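Colleague: Got a file for you: start_28.txt, compact mmCIF, C-alpha atoms and all ligand atoms.
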# COMPACT_ATOMS: atom_id res chain seq x y z
CA MET A 25 24.73 -26.49 -36.08
CA ASN A 26 27.35 -28.94 -34.90
CA CYS A 27 26.06 -29.73 -31.40
CA GLU A 28 29.37 -31.11 -30.14
CA CYS A 29 31.60 -28.02 -30.27
CA PHE A 30 30.62 -24.59 -28.90
CA ASP A 31 31.92 -21.13 -28.14
CA VAL A 32 29.75 -21.12 -25.03
CA LEU A 33 27.94 -23.98 -23.31
CA VAL A 34 25.43 -22.87 -20.66
CA VAL A 35 24.37 -25.41 -18.03
CA GLY A 36 20.97 -24.52 -16.50
CA GLY A 37 18.04 -23.21 -18.51
CA GLY A 38 16.26 -21.21 -15.80
CA LEU A 39 15.51 -17.54 -16.46
CA VAL A 40 19.15 -16.48 -16.31
CA GLY A 41 20.71 -19.31 -18.35
CA ALA A 42 17.91 -19.22 -20.95
CA SER A 43 18.21 -15.43 -21.40
CA LEU A 44 22.00 -15.68 -21.71
CA ALA A 45 21.83 -18.47 -24.30
CA LEU A 46 19.23 -16.52 -26.31
CA ALA A 47 21.25 -13.29 -26.17
CA LEU A 48 24.41 -15.12 -27.30
CA SER A 49 22.63 -16.87 -30.16
CA ARG A 50 21.36 -13.45 -31.35
CA HIS A 51 25.00 -12.27 -31.35
CA GLY A 52 25.87 -15.17 -33.67
CA ARG A 53 27.84 -17.21 -31.12
CA ARG A 54 27.83 -21.01 -31.31
CA VAL A 55 25.92 -21.62 -28.10
CA GLY A 56 24.58 -24.75 -26.39
CA LEU A 57 22.14 -24.94 -23.48
CA ILE A 58 21.85 -27.97 -21.20
CA GLU A 59 18.77 -28.16 -18.96
CA GLY A 60 18.15 -31.07 -16.59
CA GLN A 61 14.36 -30.78 -16.75
CA GLN A 62 11.85 -30.46 -19.57
CA PRO A 63 11.30 -26.69 -19.95
CA PRO A 64 7.74 -25.29 -19.78
CA ARG A 65 7.39 -24.56 -23.52
CA ASP A 66 3.70 -25.51 -23.24
CA GLY A 67 3.25 -23.77 -19.89
CA LEU A 68 1.08 -21.14 -21.51
CA ALA A 69 -1.89 -23.46 -22.05
CA ASP A 70 -3.91 -22.88 -18.86
CA THR A 71 -4.49 -19.16 -18.60
CA ASN A 72 -6.42 -19.46 -15.31
CA ASP A 73 -3.42 -20.97 -13.59
CA TRP A 74 -1.31 -18.24 -11.88
CA ASP A 75 2.24 -19.24 -10.88
CA PRO A 76 2.95 -18.26 -7.24
CA ARG A 77 6.64 -17.79 -8.18
CA VAL A 78 6.57 -14.22 -9.42
CA TYR A 79 9.39 -11.72 -9.80
CA ALA A 80 9.53 -7.95 -9.63
CA VAL A 81 11.42 -7.30 -12.88
CA SER A 82 13.19 -3.93 -13.13
CA PRO A 83 12.62 -1.67 -16.17
CA ALA A 84 16.26 -2.24 -17.21
CA ASN A 85 15.71 -5.99 -17.31
CA ARG A 86 12.34 -5.68 -18.99
CA ALA A 87 14.18 -3.78 -21.72
CA PHE A 88 16.71 -6.65 -21.93
CA LEU A 89 13.93 -9.26 -22.33
CA ASP A 90 12.09 -6.98 -24.80
CA SER A 91 15.28 -6.77 -26.86
CA LEU A 92 15.23 -10.59 -27.03
CA ASN A 93 11.53 -10.53 -27.98
CA ALA A 94 11.00 -12.56 -24.81
CA TRP A 95 8.76 -10.36 -22.67
CA PRO A 96 5.50 -12.20 -21.80
CA ASP A 97 2.06 -11.06 -22.88
CA MET A 98 1.08 -7.94 -20.88
CA SER A 99 -2.23 -9.59 -19.84
CA ARG A 100 -0.10 -11.66 -17.39
CA ILE A 101 1.96 -8.76 -16.03
CA GLY A 102 1.35 -6.62 -12.94
CA THR A 103 2.57 -3.02 -12.91
CA VAL A 104 4.18 -1.49 -9.81
CA SER A 105 3.47 2.24 -9.97
CA ALA A 106 4.23 2.90 -6.30
CA MET A 107 5.58 1.28 -3.15
CA ASP A 108 4.25 1.62 0.38
CA VAL A 109 6.67 0.30 3.01
CA ARG A 110 5.85 0.17 6.72
CA GLY A 111 8.16 -0.48 9.67
CA ASP A 112 7.25 -2.45 12.78
CA GLY A 113 6.56 0.80 14.72
CA ASN A 114 5.06 3.91 13.15
CA GLY A 115 7.70 4.14 10.41
CA ARG A 116 6.38 4.44 6.87
CA ILE A 117 7.69 5.47 3.48
CA ALA A 118 5.87 5.62 0.18
CA PHE A 119 7.43 6.45 -3.17
CA SER A 120 6.26 6.22 -6.75
CA ALA A 121 7.55 5.78 -10.26
CA ALA A 122 6.54 9.41 -10.82
CA ASP A 123 9.20 10.38 -8.21
CA ALA A 124 11.76 9.04 -10.71
CA GLY A 125 9.91 10.32 -13.78
CA GLN A 126 9.18 6.78 -15.00
CA PRO A 127 5.98 4.89 -15.92
CA ALA A 128 6.66 2.00 -13.49
CA LEU A 129 9.02 1.00 -10.67
CA ALA A 130 8.88 -2.66 -11.73
CA TRP A 131 6.72 -5.26 -13.42
CA ILE A 132 5.48 -8.38 -11.65
CA ALA A 133 5.85 -11.40 -13.91
CA GLU A 134 5.32 -15.12 -13.34
CA ASN A 135 8.35 -17.42 -13.42
CA ARG A 136 6.64 -20.01 -15.62
CA TRP A 137 5.39 -17.52 -18.22
CA MET A 138 8.73 -15.78 -18.49
CA LEU A 139 10.47 -19.16 -18.84
CA ALA A 140 7.99 -20.41 -21.44
CA THR A 141 8.39 -17.20 -23.47
CA LEU A 142 12.21 -17.49 -23.37
CA TRP A 143 12.12 -21.16 -24.39
CA GLN A 144 9.71 -20.43 -27.26
CA GLN A 145 12.25 -17.92 -28.57
CA LEU A 146 15.11 -20.39 -28.02
CA ALA A 147 13.24 -22.98 -30.10
CA GLN A 148 13.35 -20.52 -33.04
CA SER A 149 16.99 -19.54 -32.47
CA ASN A 150 20.33 -21.07 -33.49
CA ALA A 151 21.05 -22.20 -29.92
CA CYS A 152 21.44 -25.96 -29.57
CA CYS A 153 19.16 -26.86 -26.62
CA ILE A 154 19.60 -30.25 -24.97
CA THR A 155 17.00 -31.02 -22.31
CA GLY A 156 16.38 -33.81 -19.80
CA VAL A 157 20.11 -34.53 -19.41
CA ARG A 158 22.68 -33.75 -16.70
CA PRO A 159 26.43 -33.36 -16.84
CA LEU A 160 28.59 -36.07 -15.28
CA SER A 161 32.13 -34.67 -15.46
CA VAL A 162 34.24 -31.75 -16.69
CA SER A 163 37.74 -32.15 -18.13
CA HIS A 164 40.12 -29.29 -18.93
CA HIS A 165 42.25 -29.00 -22.09
CA PRO A 166 44.53 -26.14 -23.20
CA ARG A 167 41.98 -24.58 -25.61
CA HIS A 168 38.65 -26.02 -24.49
CA VAL A 169 36.66 -27.78 -21.78
CA SER A 170 34.88 -31.12 -22.31
CA LEU A 171 31.59 -31.88 -20.62
CA SER A 172 30.34 -35.45 -20.54
CA LEU A 173 26.60 -35.97 -20.16
CA ASP A 174 24.56 -38.78 -18.66
CA ASP A 175 23.20 -39.68 -22.13
CA GLY A 176 26.72 -40.71 -23.20
CA ARG A 177 27.55 -37.58 -25.22
CA THR A 178 30.67 -35.45 -24.75
CA LEU A 179 30.51 -31.76 -25.68
CA ASN A 180 33.45 -29.41 -26.17
CA THR A 181 33.33 -25.69 -25.49
CA ARG A 182 35.63 -22.67 -25.17
CA LEU A 183 33.60 -21.36 -22.24
CA LEU A 184 31.40 -23.29 -19.80
CA VAL A 185 28.78 -21.21 -17.95
CA GLY A 186 27.18 -22.37 -14.71
CA ALA A 187 23.59 -21.05 -14.66
CA ASP A 188 22.46 -24.03 -12.64
CA GLY A 189 21.11 -22.28 -9.56
CA ALA A 190 22.17 -21.85 -5.95
CA ASN A 191 23.42 -25.45 -5.56
CA SER A 192 25.39 -25.17 -8.82
CA TRP A 193 26.98 -28.44 -9.92
CA ILE A 194 29.31 -26.50 -12.23
CA ARG A 195 30.56 -24.38 -9.29
CA GLN A 196 31.22 -27.60 -7.35
CA GLN A 197 33.56 -28.76 -10.15
CA THR A 198 35.83 -25.77 -9.42
CA SER A 199 37.84 -24.84 -6.34
CA ILE A 200 35.66 -21.77 -5.75
CA HIS A 201 34.83 -21.38 -2.06
CA VAL A 202 31.32 -20.20 -1.13
CA ALA A 203 30.38 -18.41 2.10
CA VAL A 204 26.84 -19.52 2.99
CA SER A 205 24.79 -17.74 5.68
CA PRO A 206 21.29 -19.17 6.17
CA TYR A 207 18.75 -16.53 7.26
CA GLY A 208 16.78 -19.03 9.36
CA HIS A 209 13.78 -17.83 7.35
CA SER A 210 11.85 -19.21 4.38
CA GLY A 211 10.07 -17.19 1.74
CA VAL A 212 6.42 -18.29 1.66
CA VAL A 213 4.69 -17.48 -1.64
CA ALA A 214 1.02 -17.68 -2.66
CA ASN A 215 -1.48 -15.87 -4.89
CA PHE A 216 -4.80 -14.30 -3.89
CA VAL A 217 -7.69 -12.27 -5.26
CA ALA A 218 -8.36 -9.20 -3.11
CA GLU A 219 -11.71 -7.65 -2.32
CA HIS A 220 -10.47 -4.14 -3.22
CA ASP A 221 -8.35 -2.78 -6.09
CA HIS A 222 -4.61 -2.79 -5.26
CA GLY A 223 -4.09 0.42 -7.29
CA ASN A 224 -0.82 -1.00 -8.73
CA ILE A 225 0.85 -0.42 -5.34
CA ALA A 226 3.38 -2.93 -3.98
CA ARG A 227 2.98 -3.07 -0.21
CA GLN A 228 5.59 -4.25 2.27
CA TRP A 229 5.49 -4.66 6.04
CA PHE A 230 8.51 -5.17 8.27
CA LEU A 231 6.65 -7.07 10.96
CA GLY A 232 9.42 -7.50 13.54
CA ASP A 233 9.40 -11.31 13.20
CA GLY A 234 9.04 -11.36 9.41
CA ILE A 235 8.77 -9.33 6.21
CA LEU A 236 5.58 -9.48 4.16
CA ALA A 237 5.25 -8.18 0.59
CA TRP A 238 2.04 -7.93 -1.46
CA LEU A 239 2.80 -7.58 -5.16
CA PRO A 240 0.15 -6.44 -7.66
CA LEU A 241 -0.89 -8.81 -10.47
CA PRO A 242 -3.49 -8.00 -13.16
CA GLU A 243 -6.99 -7.02 -12.00
CA ARG A 244 -7.44 -7.57 -8.23
CA ARG A 245 -4.92 -10.41 -7.95
CA ILE A 246 -1.89 -10.18 -5.67
CA SER A 247 1.09 -12.42 -5.04
CA ILE A 248 2.73 -12.49 -1.61
CA VAL A 249 6.26 -13.22 -0.39
CA TRP A 250 6.39 -13.65 3.39
CA SER A 251 9.85 -14.08 4.89
CA THR A 252 9.26 -15.97 8.14
CA ALA A 253 11.09 -18.22 10.61
CA THR A 254 7.97 -20.39 10.92
CA PRO A 255 6.87 -21.25 7.35
CA ASP A 256 4.96 -24.36 8.49
CA ALA A 257 2.61 -22.12 10.45
CA LEU A 258 1.49 -20.79 7.04
CA THR A 259 1.85 -23.75 4.68
CA ARG A 260 -0.20 -26.01 7.01
CA LEU A 261 -3.17 -23.63 7.17
CA SER A 262 -6.41 -24.33 5.33
CA ALA A 263 -7.15 -21.95 2.43
CA ASP A 264 -9.60 -19.92 4.54
CA GLU A 265 -7.15 -19.67 7.45
CA LEU A 266 -4.33 -18.61 5.13
CA CYS A 267 -6.47 -15.84 3.58
CA ALA A 268 -7.50 -14.56 7.01
CA THR A 269 -3.90 -14.66 8.34
CA VAL A 270 -2.41 -12.84 5.33
CA ALA A 271 -5.21 -10.23 5.25
CA LYS A 272 -4.78 -9.55 8.99
CA ALA A 273 -0.96 -9.26 8.76
CA GLY A 274 -1.48 -6.60 6.08
CA GLY A 275 -4.00 -4.69 8.20
CA GLN A 276 -6.88 -5.65 5.84
CA ALA A 277 -5.39 -3.08 3.41
CA LEU A 278 -7.28 -4.67 0.49
CA GLY A 279 -10.25 -6.07 2.44
CA GLN A 280 -10.80 -9.83 2.38
CA LEU A 281 -8.58 -12.18 0.39
CA HIS A 282 -9.51 -15.28 -1.57
CA CYS A 283 -6.79 -17.94 -2.17
CA LEU A 284 -5.72 -18.70 -5.76
CA THR A 285 -2.85 -21.07 -4.93
CA PRO A 286 -1.66 -22.97 -1.85
CA ALA A 287 1.35 -21.54 0.03
CA GLN A 288 4.83 -22.84 -0.85
CA ALA A 289 8.02 -22.22 1.17
CA PHE A 290 11.60 -21.66 -0.06
CA PRO A 291 14.51 -21.57 2.45
CA LEU A 292 16.47 -18.30 2.26
CA ARG A 293 20.22 -17.90 2.49
CA LEU A 294 22.95 -15.48 1.53
CA MET A 295 25.58 -17.11 -0.72
CA ARG A 296 28.76 -15.32 -1.64
CA PRO A 297 31.31 -17.30 -3.72
CA ASP A 298 34.82 -15.84 -3.46
CA SER A 299 34.99 -15.77 -7.28
CA VAL A 300 32.50 -16.14 -10.15
CA ILE A 301 35.12 -17.31 -12.63
CA ALA A 302 37.61 -20.17 -12.98
CA PRO A 303 39.68 -21.20 -16.02
CA ARG A 304 37.18 -21.40 -18.95
CA ILE A 305 34.26 -21.25 -16.49
CA ALA A 306 31.90 -18.39 -15.52
CA LEU A 307 28.98 -18.39 -13.08
CA VAL A 308 25.77 -16.40 -13.55
CA GLY A 309 22.51 -15.97 -11.61
CA ASP A 310 21.96 -17.83 -8.34
CA ALA A 311 25.03 -19.98 -9.08
CA ALA A 312 27.03 -16.76 -8.60
CA HIS A 313 25.08 -15.11 -5.75
CA THR A 314 21.89 -15.27 -3.74
CA VAL A 315 20.21 -12.40 -1.87
CA HIS A 316 17.33 -12.07 0.57
CA PRO A 317 14.19 -11.44 -1.57
CA LEU A 318 13.06 -8.40 0.48
CA ALA A 319 14.07 -6.08 -2.36
CA GLY A 320 13.02 -8.53 -5.12
CA GLN A 321 16.42 -8.34 -6.80
CA GLY A 322 17.74 -11.94 -7.13
CA VAL A 323 16.78 -12.65 -10.72
CA ASN A 324 17.39 -9.00 -11.62
CA LEU A 325 21.02 -9.44 -10.61
CA GLY A 326 21.09 -12.64 -12.67
CA PHE A 327 19.71 -10.88 -15.76
CA GLY A 328 22.41 -8.25 -15.16
CA ASP A 329 25.05 -11.03 -15.26
CA ALA A 330 23.57 -12.40 -18.49
CA GLN A 331 23.53 -8.96 -20.13
CA ALA A 332 27.10 -8.19 -19.06
CA LEU A 333 28.53 -11.52 -20.23
CA ALA A 334 26.59 -11.43 -23.52
CA ALA A 335 27.75 -7.85 -24.21
CA LEU A 336 31.40 -8.74 -23.51
CA LEU A 337 31.23 -11.79 -25.76
CA ALA A 338 29.51 -9.77 -28.50
CA SER A 339 32.37 -7.28 -28.59
CA HIS A 340 35.08 -9.97 -28.50
CA THR A 341 35.63 -12.05 -31.60
CA GLY A 342 38.39 -14.28 -30.19
CA ASP A 343 38.41 -17.14 -27.69
CA ALA A 344 35.21 -16.97 -25.58
CA GLY A 345 37.06 -18.58 -22.66
CA ASP A 346 39.84 -15.97 -22.61
CA LEU A 347 40.77 -15.45 -18.93
CA LEU A 348 41.19 -11.67 -19.39
CA LEU A 349 37.64 -11.47 -20.70
CA LEU A 350 36.33 -13.51 -17.75
CA ARG A 351 38.17 -11.21 -15.33
CA ARG A 352 36.45 -8.22 -16.97
CA TYR A 353 33.10 -9.94 -16.49
CA GLN A 354 33.87 -10.50 -12.81
CA ARG A 355 34.90 -6.84 -12.32
CA MET A 356 31.82 -5.55 -14.17
CA ARG A 357 29.42 -7.39 -11.87
CA ARG A 358 31.19 -7.16 -8.51
CA GLU A 359 29.93 -3.77 -7.35
CA ALA A 360 26.24 -4.25 -8.25
CA VAL A 361 26.14 -7.70 -6.65
CA ASN A 362 28.04 -6.72 -3.47
CA THR A 363 25.93 -3.59 -2.98
CA MET A 364 22.65 -5.47 -3.32
CA GLN A 365 23.75 -8.36 -1.09
CA LEU A 366 24.97 -6.02 1.66
CA THR A 367 21.90 -3.75 1.44
CA CYS A 368 19.40 -6.62 1.69
CA ASP A 369 21.41 -8.35 4.41
CA GLY A 370 21.73 -5.09 6.37
CA LEU A 371 17.98 -4.35 6.12
CA PHE A 372 17.11 -7.91 7.17
CA LYS A 373 19.33 -7.61 10.25
CA LEU A 374 18.19 -4.06 11.08
CA PHE A 375 14.56 -5.18 11.18
CA HIS A 376 15.28 -8.33 13.15
CA THR A 377 17.24 -6.89 16.02
CA ARG A 378 15.44 -6.77 19.38
CA ASP A 379 17.49 -3.71 20.43
CA PRO A 380 14.85 -1.02 21.31
CA LEU A 381 17.15 1.86 20.26
CA LEU A 382 17.63 0.35 16.78
CA GLY A 383 13.88 -0.30 16.67
CA TRP A 384 13.24 3.41 17.26
CA LEU A 385 15.95 4.41 14.78
CA ARG A 386 14.72 2.25 11.89
CA ASN A 387 11.13 3.51 12.18
CA THR A 388 12.20 7.12 12.63
CA GLY A 389 14.56 6.70 9.67
CA LEU A 390 11.72 5.46 7.45
CA SER A 391 9.44 8.33 8.46
CA LEU A 392 12.17 10.95 8.05
CA THR A 393 13.00 9.65 4.60
CA GLN A 394 9.33 10.08 3.70
CA HIS A 395 9.90 13.86 4.03
CA LEU A 396 13.11 13.99 1.95
CA PRO A 397 12.10 14.20 -1.73
CA LEU A 398 15.65 13.82 -3.03
CA VAL A 399 16.24 10.64 -1.03
CA LYS A 400 12.85 9.32 -2.14
CA ARG A 401 13.72 10.02 -5.76
CA GLN A 402 16.98 8.13 -5.23
CA LEU A 403 15.07 5.19 -3.69
CA ALA A 404 12.71 5.14 -6.65
CA ARG A 405 15.64 5.22 -9.09
CA GLN A 406 17.34 2.42 -7.11
CA ALA A 407 14.18 0.28 -7.31
CA ILE A 408 14.06 0.88 -11.07
CA GLY A 409 17.66 -0.20 -11.48
CA PHE A 410 19.41 3.02 -12.55
C1 LIG A 501 10.63 -16.61 -2.14
C2 LIG A 501 11.50 -15.97 -3.19
C3 LIG A 501 11.06 -14.82 -3.84
C4 LIG A 501 11.86 -14.20 -4.81
N1 LIG A 501 11.42 -13.04 -5.40
C5 LIG A 501 12.21 -12.42 -6.32
C6 LIG A 501 11.80 -11.19 -6.97
O1 LIG A 501 10.72 -10.62 -6.72
N2 LIG A 501 12.64 -10.61 -7.88
C7 LIG A 501 13.84 -11.17 -8.18
O2 LIG A 501 14.59 -10.58 -8.98
N3 LIG A 501 14.25 -12.35 -7.61
C8 LIG A 501 13.48 -12.98 -6.70
N4 LIG A 501 13.89 -14.14 -6.13
C9 LIG A 501 15.17 -14.74 -6.56
C10 LIG A 501 14.98 -15.62 -7.80
O3 LIG A 501 14.07 -16.65 -7.51
C11 LIG A 501 16.32 -16.24 -8.22
O4 LIG A 501 17.32 -15.28 -8.18
C12 LIG A 501 16.21 -16.81 -9.66
O5 LIG A 501 15.19 -17.78 -9.75
C13 LIG A 501 17.54 -17.41 -10.09
O6 LIG A 501 17.44 -17.84 -11.43
P1 LIG A 501 18.57 -18.78 -12.05
O7 LIG A 501 18.17 -18.98 -13.47
O8 LIG A 501 19.91 -18.26 -11.72
O9 LIG A 501 18.47 -20.15 -11.23
P2 LIG A 501 17.29 -21.22 -11.17
O10 LIG A 501 15.95 -20.59 -11.31
O11 LIG A 501 17.54 -22.02 -9.93
O12 LIG A 501 17.51 -22.13 -12.46
C14 LIG A 501 18.53 -23.08 -12.52
C15 LIG A 501 18.20 -24.05 -13.65
O13 LIG A 501 19.28 -24.98 -13.77
C16 LIG A 501 18.77 -26.30 -13.89
N5 LIG A 501 19.78 -27.18 -13.33
C17 LIG A 501 20.21 -27.24 -12.04
N6 LIG A 501 21.21 -28.15 -11.92
C18 LIG A 501 21.41 -28.66 -13.16
C19 LIG A 501 22.30 -29.65 -13.68
N7 LIG A 501 23.20 -30.26 -12.88
N8 LIG A 501 22.23 -29.94 -14.99
C20 LIG A 501 21.32 -29.31 -15.80
N9 LIG A 501 20.46 -28.37 -15.37
C21 LIG A 501 20.51 -28.06 -14.07
C22 LIG A 501 17.47 -26.28 -13.10
O14 LIG A 501 16.58 -27.29 -13.53
C23 LIG A 501 16.94 -24.88 -13.40
O15 LIG A 501 16.15 -24.84 -14.56
C24 LIG A 501 13.11 -14.77 -5.15
C25 LIG A 501 13.56 -15.94 -4.51
C26 LIG A 501 12.76 -16.54 -3.54
C27 LIG A 501 13.25 -17.78 -2.85
Written as structure tokens, that's how I'd like the structure from this file.
Ligand SMILES: Cc1cc2nc3c(=O)[nH]c(=O)nc-3n(C[C@H](O)[C@H](O)[C@H](O)COP(=O)(O)OP(=O)(O)OC[C@H]3O[C@@H](n4cnc5c(N)ncnc54)[C@H](O)[C@@H]3O)c2cc1C

Modeller:
Amino acid sequence: MNCECFDVLVVGGGLVGASLALALSRHGRRVGLIEGQQPPRDGLADTNDWDPRVYAVSPANRAFLDSLNAWPDMSRIGTVSAMDVRGDGNGRIAFSAADAGQPALAWIAENRWMLATLWQQLAQSNACCITGVRPLSVSHHPRHVSLSLDDGRTLNTRLLVGADGANSWIRQQTSIHVAVSPYGHSGVVANFVAEHDHGNIARQWFLGDGILAWLPLPERRISIVWSTATPDALTRLSADELCATVAKAGGQALGQLHCLTPAQAFPLRLMRPDSVIAPRIALVGDAAHTVHPLAGQGVNLGFGDAQALAALLASHTGDAGDLLLLRRYQRMRREAVNTMQLTCDGLFKLFHTRDPLLGWLRNTGLSLTQHLPLVKRQLARQAIGF
């Protein structure tokens, strides 16, 4: 393929950009993918190494990755058959995939293995992948955009897609304004082996000063995401202290824990750009939105963007940068993204208020919901991504 002139040029080969480029190549589009780093094509070598960056992938998005032949080997995947969520008082709700008539609520997959699987498929596709380079400037022309790279090349494309993460360089080249609200929390992630079987249950505690999730991985492994205002208090602990602290915060639900990886912290913020399109430019994934990870939906929203944009471009044989098409993409994604951002933000605030009345309400609400089968079924369907 001529690697200088594209229908679509995607900048950022993380999970969202890589899946979009692969989907577009399968639809026969002339697609290029620029990634600043060397992708983990060989990341599958050490099977004892478990990536602490894991994602709860919805069944809808698993089906998307399956359709691209890019779903990782099941020996690396945890199954979420049920969720058990506890408030900071006596509130508790549990719901299962069976409530929604499905085999699983979500699958827990490692970032590195999903990425490596996507990049292996890209290597066999028609997509032109350029790695280890960064863009330097964008210039607009009537029928295309030119992107100059730091290796001296200039690439032309009908549509430029920013899949380059929350600090998107592509977004910064537009006049799109972004509202940023830091949560004052970081997400601390780490992997453990538990003493007892997790039973494929994802557990979550709203602790008052933080939110802790235990996600099931194969066998007795779990991965945690702990949203906390004091991440250093966790990342500075010795392995034994970390295990004891995490086990205690979860009420020893799985007995003693043994550390598989050190803790890493990621600052959390809500980012809401006032648009996800500009002339001949579209944003996808974290470049287009970030959410609090309490519902594990960030990359799921991004896969939703990739699916929507790929489907629109598959059904449109003309100019891939057509502004009417980009407006349709923006409309298609607005409701799902807004709803998820507002829901996660609302839950975060509800569980962080010190108001005693709201404290009583949120715990009572959780417990009441536990006794409402229709609402529980709806929650299960929501988790699945219907
Ligand atoms: C603690 C935590 C837990 C989370 N848990 C979940 C979960 O359970 N489920 C879920 O759905 N989501 C979860 N998320 C959200 C998820 O991590 C993000 O939504 C997802 O990683 C975004 O993917 P992306 O491909 O859009 O961006 P990124 O993963 O940030 O990828 C961007 C890519 O672009 C490249 N890049 C950046 N700038 C340039 C440039 N200038 N030139 C070339 N390349 C560039 C980068 O190298 C990178 O490869 C979590 C987030 C956090 C912080």

Colleague: Using only C-alpha atoms, determine which residues lie at most 7 Å from region 223-232 of chain A, disregarding the query and same-chain residues fewer than 5 positions distant; provide the list as a CSV table (one decimal) with C-alpha atoms, keeping the file's coordinate frame.

Modeller:
chain,number,residue,atom,x,y,z
A,103,THR,CA,2.6,-3.0,-12.9
A,104,VAL,CA,4.2,-1.5,-9.8
A,105,SER,CA,3.5,2.2,-10.0
A,106,ALA,CA,4.2,2.9,-6.3
A,107,MET,CA,5.6,1.3,-3.2
A,108,ASP,CA,4.2,1.6,0.4
A,109,VAL,CA,6.7,0.3,3.0
A,110,ARG,CA,5.8,0.2,6.7
A,111,GLY,CA,8.2,-0.5,9.7
A,112,ASP,CA,7.2,-2.4,12.8
A,237,ALA,CA,5.2,-8.2,0.6
A,238,TRP,CA,2.0,-7.9,-1.5
A,239,LEU,CA,2.8,-7.6,-5.2
A,240,PRO,CA,0.2,-6.4,-7.7
A,375,PHE,CA,14.6,-5.2,11.2
A,376,HIS,CA,15.3,-8.3,13.2

Colleague: Given the choices A:Ala273, A:Ala302, A:Ala151, A:Leu57, which gets closest to Leu258 (chain A) if the distance is worked out from all atoms listed in the file?

Modeller: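 For Leu258 (chain A), the nearest of the given residues is A:Ala273.
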
Colleague: Could you tell me, as a list of chain:residue names, which residues have any atom at most 8 Å from (-5.5, -24.0, -0.1), counting all atoms listed in the file?

Modeller: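 Residues satisfying the cut-off, written out: A:Leu261, A:Ser262, A:Ala263, A:Asp264, A:Leu266, A:Cys283, A:Leu284, A:Thr285, A:Pro286, A:Ala287.
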
Colleague: Output C-alpha atoms of each residue in that selection to a file, as a CSV table (one decimal), in the frame of the given file.

Modeller:
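Contents of again-v2.csv, freshly written:
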chain,number,residue,atom,x,y,z
A,261,LEU,CA,-3.2,-23.6,7.2
A,262,SER,CA,-6.4,-24.3,5.3
A,263,ALA,CA,-7.2,-22.0,2.4
A,264,ASP,CA,-9.6,-19.9,4.5
A,266,LEU,CA,-4.3,-18.6,5.1
A,283,CYS,CA,-6.8,-17.9,-2.2
A,284,LEU,CA,-5.7,-18.7,-5.8
A,285,THR,CA,-2.8,-21.1,-4.9
A,286,PRO,CA,-1.7,-23.0,-1.8
A,287,ALA,CA,1.4,-21.5,0.0

Colleague: May I have the residues within 10 Å of Val81 (chain A) as a PyMOL selection string, using all atoms listed in the file and disregarding those fewer than 6 positions away in the same chain?

Modeller: chain A and resi 87+89+103-104+129-134+320-324+327+407-409

Colleague: How about saving the chosen residues, C-alpha atoms kept, as a short mmCIF file (atom, residue, chain, number, x, y, z; two decimals), in the frame of the given file?

Modeller:
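Final output, result-v8.cif:
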data_model
loop_
_atom_site.label_atom_id
_atom_site.label_comp_id
_atom_site.auth_asym_id
_atom_site.auth_seq_id
_atom_site.Cartn_x
_atom_site.Cartn_y
_atom_site.Cartn_z
CA ALA A 87 14.18 -3.78 -21.72
CA LEU A 89 13.93 -9.26 -22.33
CA THR A 103 2.57 -3.02 -12.91
CA VAL A 104 4.18 -1.49 -9.81
CA LEU A 129 9.02 1.00 -10.67
CA ALA A 130 8.88 -2.66 -11.73
CA TRP A 131 6.72 -5.26 -13.42
CA ILE A 132 5.48 -8.38 -11.65
CA ALA A 133 5.85 -11.40 -13.91
CA GLU A 134 5.32 -15.12 -13.34
CA GLY A 320 13.02 -8.53 -5.12
CA GLN A 321 16.42 -8.34 -6.80
CA GLY A 322 17.74 -11.94 -7.13
CA VAL A 323 16.78 -12.65 -10.72
CA ASN A 324 17.39 -9.00 -11.62
CA PHE A 327 19.71 -10.88 -15.76
CA ALA A 407 14.18 0.28 -7.31
CA ILE A 408 14.06 0.88 -11.07
CA GLY A 409 17.66 -0.20 -11.48
#

Colleague: Report the distance between CA of Leu46 (chain A) and atom C15 of ligand LIG 501 (chain A) in Å, rounded to one decimal place.

Modeller: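 Between these atoms lies a distance of 14.8 Å.
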
Colleague: Excluding Leu337 (chain A) and any residue of its chain fewer than 2 positions from it, enumerate the residues within 12 Å of it, using all atoms listed in the file, and give them as an MDAnalysis selection string.

Modeller: chainID A and resid 31:32 44:45 47:55 182:183 330:335 339:346 348:350 352:353

Colleague: Using all atoms listed in the file, collect all residues at a distance of at most 8 Å from (16.9, -31.3, -14.7) as written in the file, then present them as a PyMOL selection string.

Modeller: chain A and resi 59-62+155-158

Colleague: One number please: CA of Ala257 (chain A) to CA of Gly275 (chain A), in Å, one decimal.

Modeller: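 CA of Gly275 (chain A) lies at a distance of 18.8 Å from CA of Ala257 (chain A).
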
Colleague: Considering only C-alpha atoms, return as an MDAnalysis selection string whatever protein or nucleic-acid residues lie within 10 Å of region 293-299 of chain A, sequence-local ones (same chain, fewer than 4 positions apart) excluded.

Modeller: chainID A and resid 190:191 195 199:210 306:307 310:317 351 354 358 361:362 365:366 368:369
